[in-house]
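Student: Dropping in my_file-v5.pdb, with PDB, C-alpha atoms.
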```
ATOM      1  CA  MET A   1      20.300 -40.221 -70.186
ATOM      2  CA  THR A   2      19.318 -36.772 -71.417
ATOM      3  CA  GLY A   3      16.276 -36.771 -69.109
ATOM      4  CA  TYR A   4      18.445 -37.737 -66.174
ATOM      5  CA  GLY A   5      20.874 -34.974 -67.158
ATOM      6  CA  TRP A   6      18.076 -32.402 -67.250
ATOM      7  CA  TRP A   7      16.910 -33.445 -63.771
ATOM      8  CA  ALA A   8      20.460 -33.591 -62.370
ATOM      9  CA  THR A   9      21.291 -30.101 -63.636
ATOM     10  CA  SER A  10      18.074 -28.649 -62.222
ATOM     11  CA  THR A  11      19.118 -29.409 -58.632
ATOM     12  CA  HIS A  12      20.446 -26.600 -56.455
ATOM     13  CA  PRO A  13      24.239 -26.505 -56.059
ATOM     14  CA  PHE A  14      25.815 -27.484 -52.740
ATOM     15  CA  THR A  15      22.795 -29.613 -51.786
ATOM     16  CA  PHE A  16      22.744 -33.317 -50.939
ATOM     17  CA  VAL A  17      20.602 -34.066 -54.022
ATOM     18  CA  ALA A  18      23.119 -32.309 -56.308
ATOM     19  CA  TYR A  19      25.945 -34.452 -54.933
ATOM     20  CA  VAL A  20      23.866 -37.652 -55.252
ATOM     21  CA  ALA A  21      22.843 -36.780 -58.838
ATOM     22  CA  VAL A  22      26.528 -36.815 -59.821
ATOM     23  CA  ALA A  23      27.407 -39.741 -57.544
ATOM     24  CA  ILE A  24      24.954 -42.132 -59.272
ATOM     25  CA  PRO A  25      26.739 -42.181 -62.690
ATOM     26  CA  VAL A  26      30.116 -42.176 -60.908
ATOM     27  CA  LEU A  27      29.147 -45.293 -58.927
ATOM     28  CA  ILE A  28      27.787 -47.004 -62.058
ATOM     29  CA  CYS A  29      31.060 -46.339 -63.932
ATOM     30  CA  ALA A  30      33.140 -47.392 -60.919
ATOM     31  CA  GLY A  31      31.142 -50.641 -60.780
ATOM     32  CA  PHE A  32      31.866 -51.372 -64.444
ATOM     33  CA  LEU A  33      35.544 -50.490 -64.171
ATOM     34  CA  THR A  34      36.244 -52.502 -61.024
ATOM     35  CA  ARG A  35      34.746 -55.585 -62.648
ATOM     36  CA  ARG A  36      37.077 -55.255 -65.620
ATOM     37  CA  HIS A  37      39.989 -57.709 -65.612
ATOM     38  CA  SER A  38      41.852 -57.012 -68.825
ATOM     39  CA  PRO A  39      44.242 -59.768 -69.884
ATOM     40  CA  THR A  40      47.915 -58.835 -69.752
ATOM     41  CA  VAL A  41      49.425 -59.829 -73.058
ATOM     42  CA  PRO A  42      53.241 -59.565 -73.135
ATOM     43  CA  ASP A  43      54.286 -57.452 -76.080
ATOM     44  CA  PRO A  44      57.984 -57.214 -77.048
ATOM     45  CA  ALA A  45      57.373 -53.958 -78.924
ATOM     46  CA  ALA A  46      55.621 -52.392 -75.933
ATOM     47  CA  SER A  47      58.574 -50.346 -74.603
ATOM     48  CA  ALA A  48      59.463 -48.947 -78.055
ATOM     49  CA  GLU A  49      55.817 -48.064 -78.554
ATOM     50  CA  ARG A  50      55.739 -46.374 -75.144
ATOM     51  CA  GLU A  51      58.743 -44.200 -76.083
ATOM     52  CA  SER A  52      57.107 -43.287 -79.373
ATOM     53  CA  ALA A  53      53.904 -42.437 -77.496
ATOM     54  CA  LEU A  54      55.804 -40.066 -75.204
ATOM     55  CA  THR A  55      57.276 -38.147 -78.128
ATOM     56  CA  ARG A  56      53.782 -37.945 -79.673
ATOM     57  CA  LEU A  57      52.424 -36.446 -76.468
ATOM     58  CA  TRP A  58      54.047 -32.990 -76.659
ATOM     59  CA  PRO A  59      50.998 -30.909 -77.772
ATOM     60  CA  TRP A  60      48.991 -32.123 -74.771
ATOM     61  CA  LEU A  61      51.895 -31.561 -72.385
ATOM     62  CA  LEU A  62      52.276 -28.022 -73.730
ATOM     63  CA  LEU A  63      48.546 -27.285 -73.297
ATOM     64  CA  ALA A  64      48.580 -28.826 -69.797
ATOM     65  CA  LEU A  65      51.586 -26.681 -68.856
ATOM     66  CA  VAL A  66      49.853 -23.472 -69.989
ATOM     67  CA  ALA A  67      46.620 -24.507 -68.220
ATOM     68  CA  VAL A  68      48.448 -25.295 -64.956
ATOM     69  CA  ALA A  69      50.298 -21.945 -65.140
ATOM     70  CA  LEU A  70      47.032 -20.001 -65.691
ATOM     71  CA  GLU A  71      45.146 -21.950 -63.001
ATOM     72  CA  SER A  72      47.867 -21.635 -60.356
ATOM     73  CA  THR A  73      48.267 -17.911 -61.015
ATOM     74  CA  GLY A  74      44.486 -17.455 -60.752
ATOM     75  CA  LEU A  75      44.393 -19.439 -57.501
ATOM     76  CA  ALA A  76      47.370 -17.503 -56.104
ATOM     77  CA  LEU A  77      45.426 -14.286 -56.727
ATOM     78  CA  GLY A  78      42.486 -15.521 -54.664
ATOM     79  CA  GLY A  79      40.635 -17.695 -57.159
ATOM     80  CA  ARG A  80      37.796 -15.239 -57.917
ATOM     81  CA  SER A  81      39.748 -12.429 -59.528
ATOM     82  CA  ARG A  82      38.025 -10.593 -62.393
ATOM     83  CA  ASP A  83      41.351  -9.886 -64.082
ATOM     84  CA  PHE A  84      42.799 -13.347 -63.681
ATOM     85  CA  PRO A  85      39.940 -15.874 -63.426
ATOM     86  CA  THR A  86      40.525 -19.576 -62.875
ATOM     87  CA  LEU A  87      38.963 -22.126 -65.238
ATOM     88  CA  SER A  88      36.135 -22.741 -62.745
ATOM     89  CA  THR A  89      35.329 -19.027 -62.621
ATOM     90  CA  VAL A  90      35.175 -18.851 -66.423
ATOM     91  CA  ILE A  91      33.010 -21.977 -66.655
ATOM     92  CA  ASP A  92      30.693 -20.675 -63.895
ATOM     93  CA  GLN A  93      29.692 -17.858 -66.285
ATOM     94  CA  ALA A  94      28.409 -20.463 -68.737
ATOM     95  CA  LEU A  95      26.833 -22.673 -66.059
ATOM     96  CA  VAL A  96      24.307 -19.958 -65.153
ATOM     97  CA  SER A  97      22.213 -21.214 -68.080
ATOM     98  CA  HIS A  98      20.383 -24.491 -67.411
ATOM     99  CA  VAL A  99      20.636 -25.554 -71.054
ATOM    100  CA  VAL A 100      24.433 -25.122 -71.065
ATOM    101  CA  ARG A 101      24.655 -27.016 -67.757
ATOM    102  CA  TRP A 102      22.573 -29.811 -69.242
ATOM    103  CA  LEU A 103      24.686 -29.980 -72.436
ATOM    104  CA  LEU A 104      27.905 -30.080 -70.412
ATOM    105  CA  PHE A 105      26.394 -32.769 -68.128
ATOM    106  CA  CYS A 106      25.522 -34.887 -71.196
ATOM    107  CA  LEU A 107      29.086 -34.407 -72.470
ATOM    108  CA  TRP A 108      30.403 -35.432 -69.042
ATOM    109  CA  LEU A 109      28.163 -38.539 -69.058
ATOM    110  CA  GLY A 110      29.425 -39.333 -72.576
ATOM    111  CA  VAL A 111      33.017 -39.266 -71.318
ATOM    112  CA  GLY A 112      31.997 -41.651 -68.520
ATOM    113  CA  ALA A 113      30.310 -43.960 -71.018
ATOM    114  CA  TRP A 114      33.520 -43.914 -73.047
ATOM    115  CA  PHE A 115      35.450 -45.129 -69.956
ATOM    116  CA  VAL A 116      32.993 -47.982 -69.498
ATOM    117  CA  ARG A 117      32.776 -48.969 -73.168
ATOM    118  CA  PRO A 118      36.075 -50.930 -73.378
ATOM    119  CA  ALA A 119      35.204 -52.818 -70.201
ATOM    120  CA  ALA A 120      31.779 -53.812 -71.485
ATOM    121  CA  HIS A 121      33.226 -54.632 -74.896
ATOM    122  CA  TRP A 122      35.974 -56.791 -73.389
ATOM    123  CA  ARG A 123      33.522 -58.696 -71.168
ATOM    124  CA  ALA A 124      31.189 -59.302 -74.124
ATOM    125  CA  SER A 125      34.045 -60.667 -76.240
ATOM    126  CA  ARG A 126      35.195 -62.883 -73.343
ATOM    127  CA  ARG A 127      31.654 -64.252 -72.943
ATOM    128  CA  SER A 128      31.461 -65.022 -76.670
ATOM    129  CA  ARG A 129      34.878 -66.756 -76.522
ATOM    130  CA  GLU A 130      33.766 -68.824 -73.536
ATOM    131  CA  ALA A 131      30.475 -69.706 -75.246
ATOM    132  CA  GLY A 132      32.193 -70.620 -78.499
TER     133      GLY A 132
ATOM    134  CA  MET B   1      38.893 -10.615 -69.904
ATOM    135  CA  LEU B   2      42.252 -11.360 -71.519
ATOM    136  CA  VAL B   3      42.754 -14.441 -69.356
ATOM    137  CA  ALA B   4      39.204 -15.631 -70.100
ATOM    138  CA  LEU B   5      40.102 -15.366 -73.786
ATOM    139  CA  LEU B   6      43.270 -17.347 -73.117
ATOM    140  CA  TRP B   7      41.146 -20.122 -71.577
ATOM    141  CA  LEU B   8      38.926 -20.059 -74.648
ATOM    142  CA  LEU B   9      42.006 -20.196 -76.868
ATOM    143  CA  LEU B  10      43.236 -23.246 -74.933
ATOM    144  CA  ALA B  11      39.895 -24.991 -75.483
ATOM    145  CA  VAL B  12      40.013 -24.209 -79.220
ATOM    146  CA  ALA B  13      43.650 -25.388 -79.405
ATOM    147  CA  SER B  14      42.676 -28.659 -77.672
ATOM    148  CA  ALA B  15      39.914 -29.251 -80.206
ATOM    149  CA  ALA B  16      42.320 -28.429 -83.062
ATOM    150  CA  PHE B  17      44.992 -30.795 -81.679
ATOM    151  CA  GLU B  18      42.398 -33.561 -81.292
ATOM    152  CA  ILE B  19      41.162 -33.139 -84.880
ATOM    153  CA  GLY B  20      44.762 -32.949 -86.138
ATOM    154  CA  ALA B  21      45.717 -36.078 -84.211
ATOM    155  CA  ARG B  22      42.809 -38.058 -85.651
ATOM    156  CA  ARG B  23      43.655 -36.967 -89.215
ATOM    157  CA  SER B  24      47.445 -37.108 -89.310
ATOM    158  CA  HIS B  25      48.398 -39.460 -86.424
ATOM    159  CA  ARG B  26      51.462 -37.285 -85.848
ATOM    160  CA  TRP B  27      50.606 -37.035 -82.172
ATOM    161  CA  LEU B  28      48.311 -38.920 -79.803
ATOM    162  CA  SER B  29      44.613 -38.113 -79.784
ATOM    163  CA  LEU B  30      42.880 -37.742 -76.422
ATOM    164  CA  ALA B  31      40.990 -40.981 -77.100
ATOM    165  CA  GLU B  32      44.273 -42.832 -77.723
ATOM    166  CA  LEU B  33      45.818 -41.260 -74.658
ATOM    167  CA  GLY B  34      42.813 -42.255 -72.547
ATOM    168  CA  SER B  35      42.937 -45.814 -73.868
ATOM    169  CA  ARG B  36      46.633 -46.081 -73.022
ATOM    170  CA  ILE B  37      46.130 -44.677 -69.534
ATOM    171  CA  SER B  38      43.141 -46.942 -68.884
ATOM    172  CA  SER B  39      45.035 -50.062 -69.968
ATOM    173  CA  HIS B  40      46.238 -50.363 -66.347
ATOM    174  CA  TRP B  41      43.938 -50.435 -63.307
ATOM    175  CA  ILE B  42      45.766 -47.500 -61.656
ATOM    176  CA  GLY B  43      45.247 -45.418 -64.781
ATOM    177  CA  ARG B  44      41.552 -46.360 -64.861
ATOM    178  CA  PHE B  45      41.223 -45.440 -61.184
ATOM    179  CA  VAL B  46      42.946 -42.058 -61.704
ATOM    180  CA  LEU B  47      40.794 -41.280 -64.780
ATOM    181  CA  LEU B  48      37.646 -42.192 -62.836
ATOM    182  CA  LEU B  49      38.705 -39.924 -59.952
ATOM    183  CA  CYS B  50      39.414 -37.026 -62.339
ATOM    184  CA  TRP B  51      36.076 -37.557 -64.083
ATOM    185  CA  ALA B  52      34.201 -37.707 -60.761
ATOM    186  CA  PHE B  53      35.990 -34.569 -59.521
ATOM    187  CA  VAL B  54      35.022 -32.668 -62.684
ATOM    188  CA  GLY B  55      31.401 -33.832 -62.274
ATOM    189  CA  TRP B  56      31.078 -32.738 -58.656
ATOM    190  CA  HIS B  57      33.028 -29.535 -59.176
ATOM    191  CA  LEU B  58      30.992 -28.442 -62.209
ATOM    192  CA  PHE B  59      27.495 -29.721 -61.460
ATOM    193  CA  SER B  60      27.250 -29.878 -57.661
ATOM    194  CA  ARG B  61      29.441 -26.950 -56.650
ATOM    195  CA  TYR B  62      28.904 -24.319 -59.351
ATOM    196  CA  SER B  63      28.183 -20.726 -58.440
ATOM    197  CA  ARG B  64      24.757 -19.285 -59.278
ATOM    198  CA  HIS B  65      26.197 -15.781 -58.998
ATOM    199  CA  PRO B  66      29.433 -15.711 -60.996
ATOM    200  CA  LEU B  67      31.573 -12.569 -61.311
TER     201      LEU B  67
END
```
Could you spell out this file's structure in structure tokens?
Tutor:
Amino acid sequence: MTGYGWWATSTHPFTFVAYVAVAIPVLICAGFLTRRHSPTVPDPAASAERESALTRLWPWLLLALVAVALESTGLALGGRSRDFPTLSTVIDQALVSHVVRWLLFCLWLGVGAWFVRPAAHWRASRRSREAG
Amino acid sequence: MLVALLWLLLAVASAAFEIGARRSHRWLSLAELGSRISSHWIGRFVLLLCWAFVGWHLFSRYSRHPL
């Protein structure tokens, strides 16, 4: 995975190979996720839990609100302003270094693996139930 | 420069909220939030799209000559 990440982040941006290098893990994750058929278990406490979850969401909503405000202001000012950079412009400064690109790519792959993990886990447990 | 620092502050705040959520359970952690969103196929699809967008935007469309 780290070797693949090193290769993928050594490709030139805006080239076909760069797009394919990202598309391969995306397609693998999409394949895992589309094959997942999670059982729907009716839960009487689900709606109460959902309400509680919404009230426990406020820090993330606050951060998202600030991020959206900064990003939209940056985009309204042209998107490449020195005084008001967008998130992409700030991250581009870090992405100049191949090592940082590679580390961020590994982090990105890790997030993708996290998406896939419950699907793989659920299928494995279903197989063991069917076998047993 | 100030706005770049604000972005950095947001990243630090996110990390702090995530650590706080895992320790105190007073609010949802990102992992919990992701699990809840991905419990439905639409949520999984949206998360996959966001993840793919981030991947292409960061690693296929980055600028070699930033400001």
Student: So which residues get picked by the PyMOL selection byres ((chain A and resi 5) around 9) here, written as a ChimeraX atom specification?
Tutor: /A:1-4,6-10,21,101-103,105-106,109
Student: Neighbouring residues of B:Ser60 were defined as those with any atom within 9 Å, considering all atoms listed in the file; residues of the same chain fewer than 6 positions away were excluded. Please report them as a list in words.
Tutor: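 Counting only the stated atoms, we get Thr9, Thr11, His12, Pro13, Phe14, Thr15, Phe16, Val17, Ala18, Tyr19, Val20, Ala21 and Val22 of chain A.
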Student: Mind telling me what the PyMOL selection byres ((chain A) within 8 of (chain B)) catches here, as a ChimeraX atom specification?
Tutor: /A:9,12-15,18-19,22-23,26,29-30,33,38,53,55-60,63,67,70,80,82-85,87-90,92-93,95-96,101,105,108,112,115
Student: Distance atom CA of B:Ile37-atom CA of A:Ser72, one decimal place?
Tutor: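 Atom-to-atom, atom CA of B:Ile37 and atom CA of A:Ser72 are spaced 24.9 Å apart.
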Student: Record the distance separating atom CA of A:Val66 and atom CA of A:Val116, expressed in Å with one decimal.
Tutor: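 Here the two named atoms are 29.8 Å from each other.
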Student: Could you tell me how far atom CA of A:Trp114 lies from atom CA of A:Arg35, in Å and to one decimal?
Tutor: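 Rounded to one decimal, the two atoms are 15.7 Å apart.
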Student: Taking all atoms of stretch 89-100 of chain A that the file lists, what box with edges along x, y and z, padded by 5 Å per side, do you get, with centre and edge lengths in Å to one decimal, as lines of an AutoDock Vina configuration file?
Tutor:
```
center_x = 27.9
center_y = -21.7
center_z = -66.8
size_x = 24.9
size_y = 17.7
size_z = 18.4
```
